[in-house]
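K.L.:
Okay, here's the structure, questions in a sec.
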Protein chains: 2
Amino acid sequence: MKLVANNTPTAFDPRATADWLFGELARATVDPGGVGVSRESYGAGEQKAIEIVRRSAEKAGLETGFDAAANLVVTLPGREADKPFIAIGSHLDSVPQGGNYDGAAGVVAGLLTLMRMKTERVVPPRTVKLIAMRGEESAWYGKTCVGSHALFGGLTEQDLMLTNRSGNGSLGEAMQARGADIARIARGETLLDPASVGAYLELHIEQGPVMAARGFPTAIVTGIRGNIRHREVRCIGEAAHSGAVPRWLRRDAVFAVSELITHLDEHWESLQQRGLDLVVTVGIISTNPAEHAMSRVPGEVTFSFEVRSQSSDTLEAFYHLMRTECRTIGNKRKVEFRFDRRLDTKPARMDDAWVERLLRLSKRLGLPAETLPSGAGHDAAIFANEGVPSAMIFVRNEHGSHNPREAMALDDFLKGADLLYHAVVEAT
Amino acid sequence: MKLVANNTPTAFDPRATADWLFGELARATVDPGGVGVSRESYGAGEQKAIEIVRRSAEKAGLETGFDAAANLVVTLPGREADKPFIAIGSHLDSVPQGGNYDGAAGVVAGLLTLMRMKTERVVPPRTVKLIAMRGEESAWYGKTCVGSHALFGGLTEQDLMLTNRSGNGSLGEAMQARGADIARIARGETLLDPASVGAYLELHIEQGPVMAARGFPTAIVTGIRGNIRHREVRCIGEAAHSGAVPRWLRRDAVFAVSELITHLDEHWESLQQRGLDLVVTVGIISTNPAEHAMSRVPGEVTFSFEVRSQSSDTLEAFYHLMRTECRTIGNKRKVEFRFDRRLDTKPARMDDAWVERLLRLSKRLGLPAETLPSGAGHDAAIFANEGVPSAMIFVRNEHGSHNPREAMALDDFLKGADLLYHAVVEAT
C-alpha cells in the first residue's frame, strides 16, 4: 500500500498525522472526571475538537468554514464547481465519558483524504467537502443526528426546545451560540440542497463485535437499520395468592410475557436463518414494584419492545407477528396486552453502486470484500433518506462504543482511510 | 338437615347466631379507614374479636380461659378428662383491611359446635376445646402462625424481636401485653403437649376460586403445601447496544429468563398432568432500572422463584429440575444464574383417617365428598407437623382472601359448621 505519494513535494505521513490528531483530540476533550472523552453536542468539548480539525485543515492549505447549521466544512475545490460535490462526513461530538473514535475516526479519515489529495496536488473534477457534523449523539439533548437533520430542514421547534441533560439551556440556544441560523432551522428550511450532493461517504468504527470476531479490519455497510418500538407494553392478568389459585384459573402476566418473548426469540431465530435482517430486543421488563411478593401471582408486567431491520417489510411483518402472538397468548392465558404509541424510524439503504465500488476497491487493496448492516443510526442515514447516494466504511473496533474502552487499531483505521481516499479519487 | 335439636330445652338457632357473630365481628373491627376489617395480631382489633367470642361462649355456659400463649380457649369438658381432647381451632386476627371470614369463620364454626353440643346437653366422652388462635397472619410482624407456633415451642428469640409493620414495638412486647408467658416462649418450652391433643380440626374459607368454579359448598383438605423459595435469583448476561450486537454474540438476560420461565411452566403443566401436586410462581421479575433502555440488550434480570407442593419429594424434584434448566440455559446463552439463600417450608399432611371420616360424613349430609389441597398455610399445618392428627374443612368463598371482597355465603358456612359438628360428635 502506497500511503505517501512518491511524486509529492511535501512529505505527508498519514500514520503520523492520524496518530497526532487522535492524541490531540483525546487530550483536549478528556472528561473532567478523567474517564473517557466528553464532547458535548454544541458544547465546549465538541468545539475544541472542531478547532483542532479546522487548524490542521488550514495548515494543510484547505479551505474551512461553517455551514448554516454550524457544522465545520473543509473544502477541496474541484475544476467543475457547478457539479454536485462529494461529501465526506461524520460527527465530532461524543457521549459523556465516551470513546475517542466514535465519530472522530470518520472526520479524521476525511481530513486525511483531503490532505492527501492536496499534497498530491490532485485537483479533482468535482469539489470534495468534509462535513464535520455536530450533535449526532442523543445523549445530550435526547435527539440524534441534529447537525445533519438541521441541514435538511428536519428539526421541529419542539426539537429546538429540548433541554440539555444538565437541565440547563435548550438545544436551540446551544446551536445559536455556535452560530447556527436558528430562524431558518426553526422554519424547517433546507440549508443544503440534496441535489447539490453527489455522494455522502462516512467512515465509522463498528459499534458491535462482529468484525473483531470475524477478523475484518474493514467492511462495507449495506444499510442502516430502522426500527419499530414501544416504550411500554402492559400485560394485564390478575393478581392472586400463588398457593390458592390453581393452574387452570391463573391469569399470570409473567408466564404470558415469558411465553411471548420466548416465541419472539424463536421467530427471530428462524427468520434470520431464512436470511432476513432482524434484531429483536426486550430491554426492559418489570412486574409492578408496588405489588411485589414472592407468593403473589403477578397480575401485571410491563416491558419494552424493539425490532430492527434494514427492510421496512421485515419490520412490518415482524411487528404484525408480535401483535398476533399477543392476541393468541392473551386468549390462551386470559391476559390482555396494552400498547403505548408505536414509534417508527425508517431504515436507510446504502447506495448499491457505491457499495459495489467500495467492495471492488477493497478487493484491489487487499481488504475483505465483506458487507455488514449497521444496527446503530448514523448521519449517513439522514443523507440517504434525502436521496443522496450514501455509503459507509466500518473499521474494526473492540469493546463496543459509547464507552472509554473503545479500541480501534491505528493499522485498521489507516486501511479504512486508504479505502475512503481511493473511493473519493475514483468518484471525482 | 336438623340444625336445631328437637329435644333441647333451649332454642338454639345456628343461622341467627352465626349471622349475629359475623355482624358483630365486622362492626367491632372495621378498619379506621372504613375499608375492610383490621384485626392486628395481639392488637386491638384481634382483642375485640376475642372478647366477642368469649362473651358469647360464656353466655352459652361454656368455660373460657387463655392458654400460656394468650390464645382464647373455650372448653366443653368431657367425661374422661385424662384422655386426649379434641381441638377445634382457627385464628381471629386478619390482615390490614382484610375480609371478615379468613380465620373468624373457623372460630365461629367451633363456637357453634360447642354451643350446639351444650344446648343438646351432650356430655361427650372426651373434652372438646375451641382454640381461637392469635397472630396467624404474617402481615403484622412478618411471622405466620405465631399463636400455634408458640404452643409448641416454635418461636425463637429472634422471632420475638420482630418489629411491628408500623415500626413501633416488637412481637414479644405485644404478646406479653396480652398475657402470654414470654419467658417460657422465649425458652422454646412446649406449652401444649401434642400427645394431649387427640385431633385438631379447622374450618377455613377457601382462599382460591376452585370451589366456586366447581360448585362445592364444602370440601376436605388433604394437605397443606410446603414450598421452596428464592427471594432473588440474578441472571447475569452482558449489556450491549441492541443494534450493534448480532444474535450469535448476544448474552441477553431477558431472553434467558423468559426461556427458563417458559420451560418451568411447561414442566409444571406436564407434571401436573401426571398427577403431581405442584404450583410454580415467579411473582417478581425486573431488569436493572439503573440501566433501563429500550435499545439496550439487557445484561441483568432479577426474579423470584417459588414452588409449592404437598409432597417434599415433588418439591425437591422440581427444585432440582429448575437448577438443571438454569445450567442448560446458562451454557446455551452464555449467562450465569446466581441464587440467594434457599428458603424451605415443609408440607403438612392431613390425617388420612380424618380425611376419610370427613368424606364419609359429607356424603351422609349430602355434601360433596371432594378433596382439595390447601395452597396457603394454616395453624393446622403447625399441629399436623407436631404429630397431632389434623384435618381441615374448606368453605366456598369468592374473590380470594386478604381483601374486603371475601364473599362466603352463610348457607355454605352453615353446611361446613354442621359437618364439623358431626365430625366432633362422632370423634368424641
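Chain labels run A, B, ... following the order of the C-alpha cells; each chain numbers its residues from 1, and ligands are numbered from 1 in the order shown.
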Please, can I see chain A fitted onto chain B by all in-order Cα atoms (least squares), as a compact mmCIF listing (two decimals) with C-alpha atoms, in the first residue's frame?

P.N.:
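Result written to out-v6.txt:
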# COMPACT_ATOMS: atom_id res chain seq x y z
CA MET A 1 -80.58 -31.23 57.89
CA LYS A 2 -81.52 -30.94 61.56
CA LEU A 3 -79.83 -27.83 62.86
CA VAL A 4 -81.81 -27.52 66.04
CA ALA A 5 -82.05 -30.63 68.17
CA ASN A 6 -85.70 -31.43 68.81
CA ASN A 7 -85.22 -32.60 72.35
CA THR A 8 -83.32 -29.58 73.72
CA PRO A 9 -84.81 -27.40 76.42
CA THR A 10 -83.37 -24.12 75.05
CA ALA A 11 -83.82 -22.99 71.48
CA PHE A 12 -80.51 -22.81 69.62
CA ASP A 13 -80.55 -21.26 66.18
CA PRO A 14 -77.15 -21.73 64.52
CA ARG A 15 -78.09 -19.47 61.59
CA ALA A 16 -79.15 -16.58 63.78
CA THR A 17 -76.15 -17.08 66.09
CA ALA A 18 -73.66 -17.17 63.23
CA ASP A 19 -75.29 -14.19 61.55
CA TRP A 20 -75.16 -12.19 64.77
CA LEU A 21 -71.53 -13.18 65.50
CA PHE A 22 -70.25 -12.32 62.02
CA GLY A 23 -72.11 -9.01 62.12
CA GLU A 24 -70.78 -8.19 65.58
CA LEU A 25 -67.21 -9.07 64.54
CA ALA A 26 -67.41 -6.94 61.41
CA ARG A 27 -68.90 -3.95 63.24
CA ALA A 28 -66.41 -4.06 66.10
CA THR A 29 -63.28 -4.37 63.99
CA VAL A 30 -63.99 -2.23 60.94
CA ASP A 31 -60.78 -0.60 59.73
CA PRO A 32 -60.39 3.06 60.81
CA GLY A 33 -60.34 3.92 57.09
CA GLY A 34 -63.76 2.30 56.72
CA VAL A 35 -62.55 -0.34 54.24
CA GLY A 36 -62.62 -3.94 55.43
CA VAL A 37 -61.75 -5.21 58.91
CA SER A 38 -58.41 -4.82 60.67
CA ARG A 39 -57.71 -7.24 63.49
CA GLU A 40 -54.09 -6.68 64.30
CA SER A 41 -52.21 -9.66 65.71
CA TYR A 42 -52.08 -9.15 69.49
CA GLY A 43 -53.61 -5.73 68.83
CA ALA A 44 -56.91 -3.97 69.50
CA GLY A 45 -58.98 -5.48 66.66
CA GLU A 46 -57.99 -9.04 67.48
CA GLN A 47 -58.71 -8.39 71.16
CA LYS A 48 -62.20 -7.08 70.38
CA ALA A 49 -62.90 -10.20 68.32
CA ILE A 50 -61.67 -12.43 71.13
CA GLU A 51 -63.91 -10.65 73.67
CA ILE A 52 -66.96 -11.07 71.42
CA VAL A 53 -66.33 -14.81 71.15
CA ARG A 54 -65.55 -15.16 74.85
CA ARG A 55 -68.72 -13.38 76.00
CA SER A 56 -70.87 -15.48 73.66
CA ALA A 57 -69.23 -18.68 74.93
CA GLU A 58 -69.76 -17.71 78.56
CA LYS A 59 -73.37 -16.76 77.87
CA ALA A 60 -73.83 -20.28 76.47
CA GLY A 61 -72.43 -21.73 79.69
CA LEU A 62 -69.05 -22.79 78.28
CA GLU A 63 -65.78 -22.52 80.19
CA THR A 64 -63.33 -19.91 78.84
CA GLY A 65 -59.73 -19.06 79.56
CA PHE A 66 -56.40 -18.26 77.93
CA ASP A 67 -53.47 -20.57 77.36
CA ALA A 68 -49.84 -19.57 78.02
CA ALA A 69 -49.61 -18.08 74.51
CA ALA A 70 -52.67 -15.86 75.22
CA ASN A 71 -54.88 -17.77 72.78
CA LEU A 72 -58.54 -17.92 73.84
CA VAL A 73 -59.60 -21.44 74.88
CA VAL A 74 -63.29 -22.40 75.18
CA THR A 75 -63.84 -25.78 76.82
CA LEU A 76 -66.63 -28.34 76.89
CA PRO A 77 -65.35 -30.86 79.45
CA GLY A 78 -65.71 -34.55 78.64
CA ARG A 79 -66.30 -37.48 80.97
CA GLU A 80 -62.76 -38.80 80.58
CA ALA A 81 -60.62 -35.77 81.33
CA ASP A 82 -57.34 -37.68 81.20
CA LYS A 83 -57.80 -38.71 77.56
CA PRO A 84 -56.46 -36.55 74.72
CA PHE A 85 -58.92 -33.79 73.88
CA ILE A 86 -60.36 -32.80 70.52
CA ALA A 87 -59.22 -29.35 69.44
CA ILE A 88 -61.17 -27.12 67.10
CA GLY A 89 -59.19 -24.12 66.02
CA SER A 90 -58.62 -21.18 63.77
CA HIS A 91 -57.49 -17.58 64.23
CA LEU A 92 -59.14 -14.26 65.01
CA ASP A 93 -56.64 -11.82 63.56
CA SER A 94 -56.91 -10.53 59.99
CA VAL A 95 -54.66 -8.73 57.54
CA PRO A 96 -55.02 -4.92 57.47
CA GLN A 97 -58.22 -4.00 55.61
CA GLY A 98 -58.97 -7.69 55.26
CA GLY A 99 -62.17 -9.70 55.01
CA ASN A 100 -64.49 -10.81 57.79
CA TYR A 101 -64.20 -14.56 57.31
CA ASP A 102 -60.51 -15.51 56.96
CA GLY A 103 -59.93 -17.08 60.37
CA ALA A 104 -63.14 -15.93 62.07
CA ALA A 105 -65.28 -18.46 60.16
CA GLY A 106 -63.38 -21.34 61.79
CA VAL A 107 -63.68 -19.87 65.27
CA VAL A 108 -67.42 -19.19 64.85
CA ALA A 109 -67.92 -22.75 63.50
CA GLY A 110 -66.07 -24.13 66.54
CA LEU A 111 -68.14 -22.04 68.91
CA LEU A 112 -71.36 -23.18 67.18
CA THR A 113 -70.25 -26.80 67.62
CA LEU A 114 -69.63 -26.38 71.35
CA MET A 115 -72.86 -24.41 71.83
CA ARG A 116 -74.84 -27.06 70.02
CA MET A 117 -73.31 -29.89 72.04
CA LYS A 118 -73.95 -27.90 75.20
CA THR A 119 -77.54 -27.12 74.19
CA GLU A 120 -78.17 -30.74 73.36
CA ARG A 121 -76.76 -31.60 76.80
CA VAL A 122 -74.26 -33.86 75.18
CA VAL A 123 -71.54 -34.69 77.66
CA PRO A 124 -68.91 -36.15 75.37
CA PRO A 125 -66.52 -38.85 76.48
CA ARG A 126 -63.61 -36.61 75.50
CA THR A 127 -63.12 -32.98 76.25
CA VAL A 128 -63.58 -30.63 73.28
CA LYS A 129 -61.73 -27.33 73.16
CA LEU A 130 -62.01 -24.40 70.81
CA ILE A 131 -58.67 -22.63 70.48
CA ALA A 132 -59.11 -19.16 68.99
CA MET A 133 -55.55 -18.49 67.90
CA ARG A 134 -53.88 -15.12 67.74
CA GLY A 135 -51.30 -13.85 65.28
CA GLU A 136 -51.80 -16.17 62.30
CA GLU A 137 -51.35 -13.44 59.67
CA SER A 138 -47.76 -12.49 58.78
CA ALA A 139 -48.86 -9.02 57.69
CA TRP A 140 -48.28 -7.42 61.11
CA TYR A 141 -44.93 -8.83 62.24
CA GLY A 142 -43.68 -10.78 59.21
CA LYS A 143 -44.19 -14.11 60.99
CA THR A 144 -47.06 -16.46 60.31
CA CYS A 145 -48.98 -18.70 62.78
CA VAL A 146 -47.45 -17.07 65.86
CA GLY A 147 -50.19 -18.30 68.20
CA SER A 148 -49.82 -21.96 67.24
CA HIS A 149 -46.02 -21.86 66.86
CA ALA A 150 -45.81 -20.48 70.41
CA LEU A 151 -47.78 -23.46 71.78
CA PHE A 152 -45.15 -25.89 70.52
CA GLY A 153 -41.99 -23.92 71.31
CA GLY A 154 -41.61 -22.90 67.70
CA LEU A 155 -40.70 -19.23 68.15
CA THR A 156 -37.11 -18.00 68.43
CA GLU A 157 -35.92 -14.95 70.33
CA GLN A 158 -35.31 -13.39 66.92
CA ASP A 159 -38.98 -13.93 66.09
CA LEU A 160 -40.01 -12.15 69.30
CA MET A 161 -37.88 -9.16 68.35
CA LEU A 162 -39.69 -8.71 65.01
CA THR A 163 -40.99 -5.16 64.65
CA ASN A 164 -44.60 -4.24 64.00
CA ARG A 165 -45.34 -3.04 60.47
CA SER A 166 -45.94 0.42 61.96
CA GLY A 167 -42.28 0.46 63.03
CA ASN A 168 -43.26 0.67 66.71
CA GLY A 169 -43.04 -2.16 69.21
CA SER A 170 -41.97 -5.79 68.95
CA LEU A 171 -43.94 -9.02 68.66
CA GLY A 172 -42.70 -10.10 72.10
CA GLU A 173 -43.94 -6.88 73.71
CA ALA A 174 -47.34 -7.21 72.05
CA MET A 175 -47.68 -10.85 73.14
CA GLN A 176 -46.69 -10.00 76.69
CA ALA A 177 -49.23 -7.18 76.81
CA ARG A 178 -51.92 -9.77 76.02
CA GLY A 179 -50.72 -12.04 78.83
CA ALA A 180 -48.52 -14.54 76.96
CA ASP A 181 -45.76 -16.14 79.05
CA ILE A 182 -42.91 -14.59 77.11
CA ALA A 183 -40.17 -16.10 79.26
CA ARG A 184 -41.30 -19.65 78.48
CA ILE A 185 -41.96 -18.83 74.84
CA ALA A 186 -38.50 -17.28 74.44
CA ARG A 187 -36.97 -20.45 75.91
CA GLY A 188 -38.82 -22.47 73.27
CA GLU A 189 -40.76 -24.42 75.92
CA THR A 190 -43.64 -26.64 74.87
CA LEU A 191 -46.77 -24.98 76.24
CA LEU A 192 -49.12 -27.61 74.89
CA ASP A 193 -48.12 -31.28 74.83
CA PRO A 194 -48.98 -32.57 71.33
CA ALA A 195 -49.78 -35.97 72.88
CA SER A 196 -52.58 -34.33 74.87
CA VAL A 197 -54.34 -33.35 71.62
CA GLY A 198 -56.26 -36.22 70.05
CA ALA A 199 -57.11 -34.29 66.93
CA TYR A 200 -57.05 -30.77 65.53
CA LEU A 201 -59.93 -29.70 63.29
CA GLU A 202 -60.11 -26.41 61.46
CA LEU A 203 -62.78 -24.92 59.23
CA HIS A 204 -61.56 -22.15 56.92
CA ILE A 205 -62.76 -20.31 53.86
CA GLU A 206 -61.10 -21.35 50.64
CA GLN A 207 -58.72 -18.58 49.57
CA GLY A 208 -58.80 -19.55 45.92
CA PRO A 209 -61.60 -19.79 43.35
CA VAL A 210 -61.75 -23.57 42.86
CA MET A 211 -64.82 -24.40 44.92
CA ALA A 212 -66.84 -21.50 43.51
CA ALA A 213 -65.85 -22.59 40.00
CA ARG A 214 -66.73 -26.23 40.66
CA GLY A 215 -69.84 -25.58 42.73
CA PHE A 216 -68.68 -27.14 46.03
CA PRO A 217 -70.11 -25.53 49.17
CA THR A 218 -67.65 -27.56 51.27
CA ALA A 219 -64.56 -29.66 50.62
CA ILE A 220 -62.02 -31.62 52.63
CA VAL A 221 -58.38 -30.55 52.71
CA THR A 222 -55.86 -33.29 51.96
CA GLY A 223 -52.72 -31.40 52.79
CA ILE A 224 -51.22 -28.00 53.20
CA ARG A 225 -48.57 -27.26 50.66
CA GLY A 226 -44.99 -26.58 51.57
CA ASN A 227 -42.69 -24.55 49.39
CA ILE A 228 -39.14 -23.87 48.30
CA ARG A 229 -38.33 -20.28 47.51
CA HIS A 230 -35.63 -17.94 46.42
CA ARG A 231 -36.28 -14.27 47.11
CA GLU A 232 -33.84 -13.28 44.38
CA VAL A 233 -32.16 -15.15 41.56
CA ARG A 234 -29.86 -13.06 39.38
CA CYS A 235 -29.24 -13.88 35.75
CA ILE A 236 -26.01 -12.25 34.58
CA GLY A 237 -25.42 -11.78 30.88
CA GLU A 238 -23.67 -8.88 29.21
CA ALA A 239 -25.11 -5.45 28.47
CA ALA A 240 -24.53 -4.22 24.92
CA HIS A 241 -25.89 -1.99 22.18
CA SER A 242 -28.87 -3.86 20.74
CA GLY A 243 -28.12 -2.76 17.20
CA ALA A 244 -24.44 -3.58 17.26
CA VAL A 245 -24.27 -7.10 18.71
CA PRO A 246 -25.46 -9.96 16.52
CA ARG A 247 -27.59 -12.82 17.78
CA TRP A 248 -24.77 -15.34 18.04
CA LEU A 249 -22.70 -13.06 20.30
CA ARG A 250 -25.55 -11.95 22.54
CA ARG A 251 -25.62 -12.74 26.23
CA ASP A 252 -29.18 -11.57 26.79
CA ALA A 253 -30.49 -12.00 30.33
CA VAL A 254 -34.14 -11.33 29.39
CA PHE A 255 -34.20 -14.00 26.68
CA ALA A 256 -32.51 -16.42 29.08
CA VAL A 257 -34.93 -15.84 31.95
CA SER A 258 -37.93 -15.88 29.60
CA GLU A 259 -36.82 -19.26 28.26
CA LEU A 260 -36.32 -20.54 31.81
CA ILE A 261 -39.79 -19.41 32.93
CA THR A 262 -41.41 -20.80 29.78
CA HIS A 263 -39.71 -24.17 30.39
CA LEU A 264 -40.77 -24.18 34.05
CA ASP A 265 -44.33 -23.47 32.94
CA GLU A 266 -44.20 -26.37 30.46
CA HIS A 267 -42.74 -28.72 33.10
CA TRP A 268 -45.42 -27.62 35.53
CA GLU A 269 -48.14 -28.35 32.99
CA SER A 270 -46.86 -31.82 32.14
CA LEU A 271 -46.12 -32.83 35.74
CA GLN A 272 -49.56 -31.69 36.80
CA GLN A 273 -51.10 -33.71 33.99
CA ARG A 274 -49.28 -36.71 35.45
CA GLY A 275 -51.13 -36.06 38.71
CA LEU A 276 -48.47 -34.30 40.77
CA ASP A 277 -49.52 -31.48 43.10
CA LEU A 278 -47.48 -28.49 41.99
CA VAL A 279 -47.64 -24.70 41.77
CA VAL A 280 -44.86 -22.63 40.21
CA THR A 281 -44.67 -18.86 40.56
CA VAL A 282 -42.32 -16.12 39.47
CA GLY A 283 -43.95 -13.23 41.29
CA ILE A 284 -41.16 -10.71 40.74
CA ILE A 285 -39.03 -10.02 37.69
CA SER A 286 -37.00 -6.97 36.77
CA THR A 287 -34.17 -5.73 34.63
CA ASN A 288 -31.80 -3.34 36.42
CA PRO A 289 -33.55 0.07 36.54
CA ALA A 290 -30.16 1.85 36.65
CA GLU A 291 -29.36 0.45 33.20
CA HIS A 292 -32.80 0.66 31.61
CA ALA A 293 -32.83 1.42 27.91
CA MET A 294 -35.04 0.27 25.08
CA SER A 295 -32.05 -0.36 22.86
CA ARG A 296 -29.79 -2.03 25.37
CA VAL A 297 -29.26 -5.79 25.41
CA PRO A 298 -30.23 -6.47 29.02
CA GLY A 299 -27.20 -7.67 30.95
CA GLU A 300 -28.99 -8.51 34.16
CA VAL A 301 -32.39 -9.72 35.30
CA THR A 302 -33.47 -10.54 38.83
CA PHE A 303 -36.47 -12.69 39.64
CA SER A 304 -38.08 -14.63 42.47
CA PHE A 305 -38.83 -18.34 42.41
CA GLU A 306 -41.43 -20.30 44.32
CA VAL A 307 -42.56 -23.90 43.99
CA ARG A 308 -45.38 -25.24 46.18
CA SER A 309 -46.47 -28.81 46.66
CA GLN A 310 -48.04 -31.12 49.20
CA SER A 311 -45.18 -33.53 48.54
CA SER A 312 -41.63 -32.97 49.71
CA ASP A 313 -40.45 -35.26 46.92
CA THR A 314 -42.20 -33.16 44.28
CA LEU A 315 -40.76 -29.99 45.76
CA GLU A 316 -37.23 -31.41 45.65
CA ALA A 317 -37.66 -32.87 42.19
CA PHE A 318 -38.97 -29.64 40.73
CA TYR A 319 -36.30 -27.60 42.45
CA HIS A 320 -33.66 -29.88 40.97
CA LEU A 321 -35.30 -29.53 37.54
CA MET A 322 -35.19 -25.73 37.86
CA ARG A 323 -31.49 -25.75 38.74
CA THR A 324 -30.78 -28.08 35.82
CA GLU A 325 -32.67 -25.78 33.43
CA CYS A 326 -30.61 -22.85 34.72
CA ARG A 327 -27.39 -24.72 33.97
CA THR A 328 -28.55 -25.78 30.49
CA ILE A 329 -29.80 -22.32 29.55
CA GLY A 330 -26.74 -20.76 31.17
CA ASN A 331 -24.43 -22.81 28.95
CA LYS A 332 -26.49 -22.29 25.83
CA ARG A 333 -26.91 -18.54 26.23
CA LYS A 334 -23.63 -17.78 28.02
CA VAL A 335 -25.35 -16.33 31.05
CA GLU A 336 -24.95 -17.19 34.70
CA PHE A 337 -27.65 -17.76 37.32
CA ARG A 338 -26.81 -16.75 40.90
CA PHE A 339 -29.02 -17.83 43.77
CA ASP A 340 -29.59 -16.31 47.19
CA ARG A 341 -30.42 -18.46 50.25
CA ARG A 342 -32.92 -21.23 49.59
CA LEU A 343 -35.98 -20.94 51.87
CA ASP A 344 -37.90 -24.09 52.82
CA THR A 345 -41.34 -24.59 54.33
CA LYS A 346 -42.36 -28.19 54.91
CA PRO A 347 -45.66 -29.50 53.55
CA ALA A 348 -48.17 -30.76 56.11
CA ARG A 349 -50.28 -33.83 55.46
CA MET A 350 -53.79 -33.99 56.84
CA ASP A 351 -54.59 -37.18 58.70
CA ASP A 352 -55.82 -39.91 56.31
CA ALA A 353 -58.32 -41.38 58.74
CA TRP A 354 -59.76 -37.93 59.42
CA VAL A 355 -59.99 -37.12 55.74
CA GLU A 356 -61.85 -40.42 55.24
CA ARG A 357 -64.21 -39.67 58.13
CA LEU A 358 -64.98 -36.19 56.82
CA LEU A 359 -65.62 -37.51 53.30
CA ARG A 360 -67.93 -40.20 54.65
CA LEU A 361 -69.82 -37.66 56.79
CA SER A 362 -70.03 -35.26 53.86
CA LYS A 363 -71.73 -37.93 51.80
CA ARG A 364 -74.17 -38.69 54.61
CA LEU A 365 -75.02 -34.99 54.95
CA GLY A 366 -75.53 -34.57 51.20
CA LEU A 367 -72.38 -32.52 50.78
CA PRO A 368 -69.78 -33.13 48.04
CA ALA A 369 -67.24 -35.77 49.03
CA GLU A 370 -64.47 -33.77 47.40
CA THR A 371 -60.91 -33.10 48.39
CA LEU A 372 -58.67 -30.11 47.77
CA PRO A 373 -55.13 -29.21 48.72
CA SER A 374 -54.60 -25.98 50.60
CA GLY A 375 -52.16 -23.73 48.85
CA ALA A 376 -51.95 -21.23 51.67
CA GLY A 377 -50.61 -21.97 55.16
CA HIS A 378 -52.82 -22.55 58.22
CA ASP A 379 -52.48 -23.21 61.96
CA ALA A 380 -53.49 -26.79 61.09
CA ALA A 381 -50.09 -27.26 59.43
CA ILE A 382 -48.33 -26.43 62.72
CA PHE A 383 -50.44 -28.98 64.64
CA ALA A 384 -50.02 -31.63 61.92
CA ASN A 385 -46.24 -31.23 61.86
CA GLU A 386 -46.26 -31.75 65.67
CA GLY A 387 -47.82 -35.16 65.07
CA VAL A 388 -51.38 -34.18 65.98
CA PRO A 389 -53.88 -35.89 63.61
CA SER A 390 -55.26 -32.83 61.84
CA ALA A 391 -57.95 -32.08 59.31
CA MET A 392 -59.51 -29.10 57.62
CA ILE A 393 -62.89 -28.28 56.12
CA PHE A 394 -62.92 -25.62 53.41
CA VAL A 395 -65.99 -23.48 52.81
CA ARG A 396 -66.64 -21.90 49.42
CA ASN A 397 -65.68 -18.25 49.16
CA GLU A 398 -65.45 -15.80 46.27
CA HIS A 399 -62.93 -13.07 45.41
CA GLY A 400 -60.08 -14.71 47.36
CA SER A 401 -59.10 -13.68 50.86
CA HIS A 402 -57.02 -10.91 52.44
CA ASN A 403 -59.33 -8.30 50.97
CA PRO A 404 -62.73 -6.82 51.91
CA ARG A 405 -64.44 -8.53 48.97
CA GLU A 406 -64.30 -12.01 50.57
CA ALA A 407 -67.75 -13.48 49.99
CA MET A 408 -68.86 -16.55 51.93
CA ALA A 409 -72.55 -17.42 51.82
CA LEU A 410 -74.08 -18.09 55.24
CA ASP A 411 -75.74 -21.21 53.80
CA ASP A 412 -72.37 -22.64 52.82
CA PHE A 413 -70.89 -21.77 56.18
CA LEU A 414 -73.72 -23.52 58.04
CA LYS A 415 -73.16 -26.66 55.95
CA GLY A 416 -69.48 -26.64 56.86
CA ALA A 417 -70.25 -25.98 60.55
CA ASP A 418 -72.74 -28.86 60.55
CA LEU A 419 -70.10 -31.16 59.09
CA LEU A 420 -67.65 -30.05 61.78
CA TYR A 421 -70.24 -30.68 64.48
CA HIS A 422 -70.94 -34.21 63.31
CA ALA A 423 -67.25 -34.99 63.01
CA VAL A 424 -66.55 -33.81 66.54
CA VAL A 425 -69.52 -35.67 67.99
CA GLU A 426 -68.46 -38.87 66.25
CA ALA A 427 -64.83 -38.49 67.35
CA THR A 428 -65.50 -37.86 70.99

K.L.:
Report the residues of range 74-119 of chain A whose backbone DSSP state falls under strand (DSSP E), written as number ranges by chain.

P.N.:
A: 74-76, 85-91

K.L.:
As a PyMOL selection string, please: every residue in range 113-202 of chain A that DSSP puts in alpha helix (DSSP H).

P.N.:
chain A and resi 113-119+146-151+157-160+171-177+182-186
